[in-house]
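Here is the structure we will look at, set down as structure tokens.
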Amino acid sequence: ESQTCAKRAIALVNDTSQVLAPGSVSVSDDGRLVSQSEFMPMLPEDEQLINYGEDSTLSIVSTVERTSKISKVELRWERRDGQPGRKLGGAKVTHDEEKRTTYTISNNSADGPSTPLFIEHSADPSHEGYAIVTSERAVKTTTAFTRFRFVLAPQEEITFVVCERATHYSLRTSASQIKALITADAFRDGGGADVLPAAAKTALAAMVARAEQAAVLA
């Protein structure tokens with residue numbers, strides 16, 4: 001569990017036909033300079049947030065849950081050295097990862113108007129990059145992040161879940177790796193046949209048996 005410090009921000013929208021050049025921007029509040037920040041270039045219809053300080057009236061707490069499962073196992077074939085045909089060299093395993101971030105957002109102010117709030121959620125770069133699949137409340141989406149918009153009344157608290165998914169692959173080539181795969185709980189007693197077909201499991205088991213016999217003979 002982690003707590004994020006909320007920041008006050010101005011939401012800018014370029015509703016002109018011009019490209020706004022990069023530089024710096026100053027923010028003043030009641031005639032008082034409160035921030036000077038880097039200004040990113042903006043194309044027509046583009047938008048960005050300019051932060052200018054902390055907002056103690058908002059509380060954002062996040063928790064993360066991860067799940068991983070094997071969705072596919074394929075036999076991996078290799079060429080024989082100087083011989084025709086192929087030999088079984090192991091297995092290619094497809095892994096499906098899911099990451100769920102739960103945000104608990106509280107507006108702690110006692111009165112006043114409802115408060116617009118944005119959460120910028122960055123995609124996890126591990127496993128060659130997760131993709132954010134949650135689209136509800138999204139106002140801007142790129143390959144790197146999604147911006148979500150909320151409006152909270154005074155003393156209101158909401159919970160919002162952002163889901164990310166990634167797919168990656170691994171190779172199992174040694175007898176110990178393959179044995180650990182085919183004896184995993186998901187594939188015991190004929191289970192997981194849609195992921196690891198019976199014929200493929202039999203072939204991998206035979207490969208392990210041959211390797212174990214060779215080790216004994218050696």
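Chain labels run A, B, ... following the order of the structure tokens; each chain numbers its residues from 1, and ligands are numbered from 1 in the order shown.
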
Requested in this report: Mind checking which residues fall within 7 Å of A:Ala166, counting only C-alpha atoms, ignoring those fewer than 3 positions away in the same chain, and posting them as a ChimeraX atom specification?
Outcome: /A:96-98,127,129-131

Could you make a table, as a tab-separated table, of the residues of stretch 64-174 of chain A that have an atom within 9 Å of an atom of stretch 207-213 of chain A, each with its nearest atom pair and distance in Å to one decimal, counting only C-alpha atoms, in chain and number order?
residue	atom	partner	partner_atom	distance
A:Leu88	CA	A:Met207	CA	7.5
A:Gly89	CA	A:Met207	CA	8.5
A:Gly90	CA	A:Met207	CA	8.1
A:Ser174	CA	A:Val208	CA	8.4

Restricting the output to N, CA and C atoms, write the selected residues as a PDB file, in the first residue's frame.
ATOM      1  N   LEU A  88      13.455 -33.004 -30.345  1.00  0.00           N
ATOM      2  CA  LEU A  88      12.761 -32.170 -29.370  1.00  0.00           C
ATOM      3  C   LEU A  88      13.781 -31.484 -28.467  1.00  0.00           C
ATOM      4  N   GLY A  89      13.700 -30.161 -28.427  1.00  0.00           N
ATOM      5  CA  GLY A  89      14.674 -29.408 -27.633  1.00  0.00           C
ATOM      6  C   GLY A  89      14.102 -28.769 -26.389  1.00  0.00           C
ATOM      7  N   GLY A  90      12.795 -28.913 -26.161  1.00  0.00           N
ATOM      8  CA  GLY A  90      12.202 -28.309 -24.974  1.00  0.00           C
ATOM      9  C   GLY A  90      10.835 -27.741 -25.277  1.00  0.00           C
ATOM     10  N   SER A 174      16.187 -27.447 -20.229  1.00  0.00           N
ATOM     11  CA  SER A 174      16.856 -28.469 -19.420  1.00  0.00           C
ATOM     12  C   SER A 174      15.826 -29.447 -18.872  1.00  0.00           C
TER      13      SER A 174
END

Report task. Identify, on the basis of only C-alpha atoms, every residue whose closest approach to A:Glu157 does not exceed 8 Å; exclude the query and any residue fewer than 2 positions from it along the same chain; express the result as a list in words. Result -> Thr104, Ile105, Ser106, Asn107, Leu152, Gln155 and Thr159 of chain A

**Report entry** Selection: 6 Å around stretch 136-150 of chain A, only C-alpha atoms, excl. self and same-chain fewer than 6 positions, as a list in words
**Finding:**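 Near neighbours after the sequence-gap exclusion: Pro116, Leu117, Phe118, Ile119, Glu120, His121, Ser122 and Ala123 of chain A.
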
Requested in this report: Considering only C-alpha atoms, state which residue in the set A:Thr167, A:Ser68, A:Val161, A:Asn108 is at the smallest distance from A:Glu128.
Outcome: A:Thr167
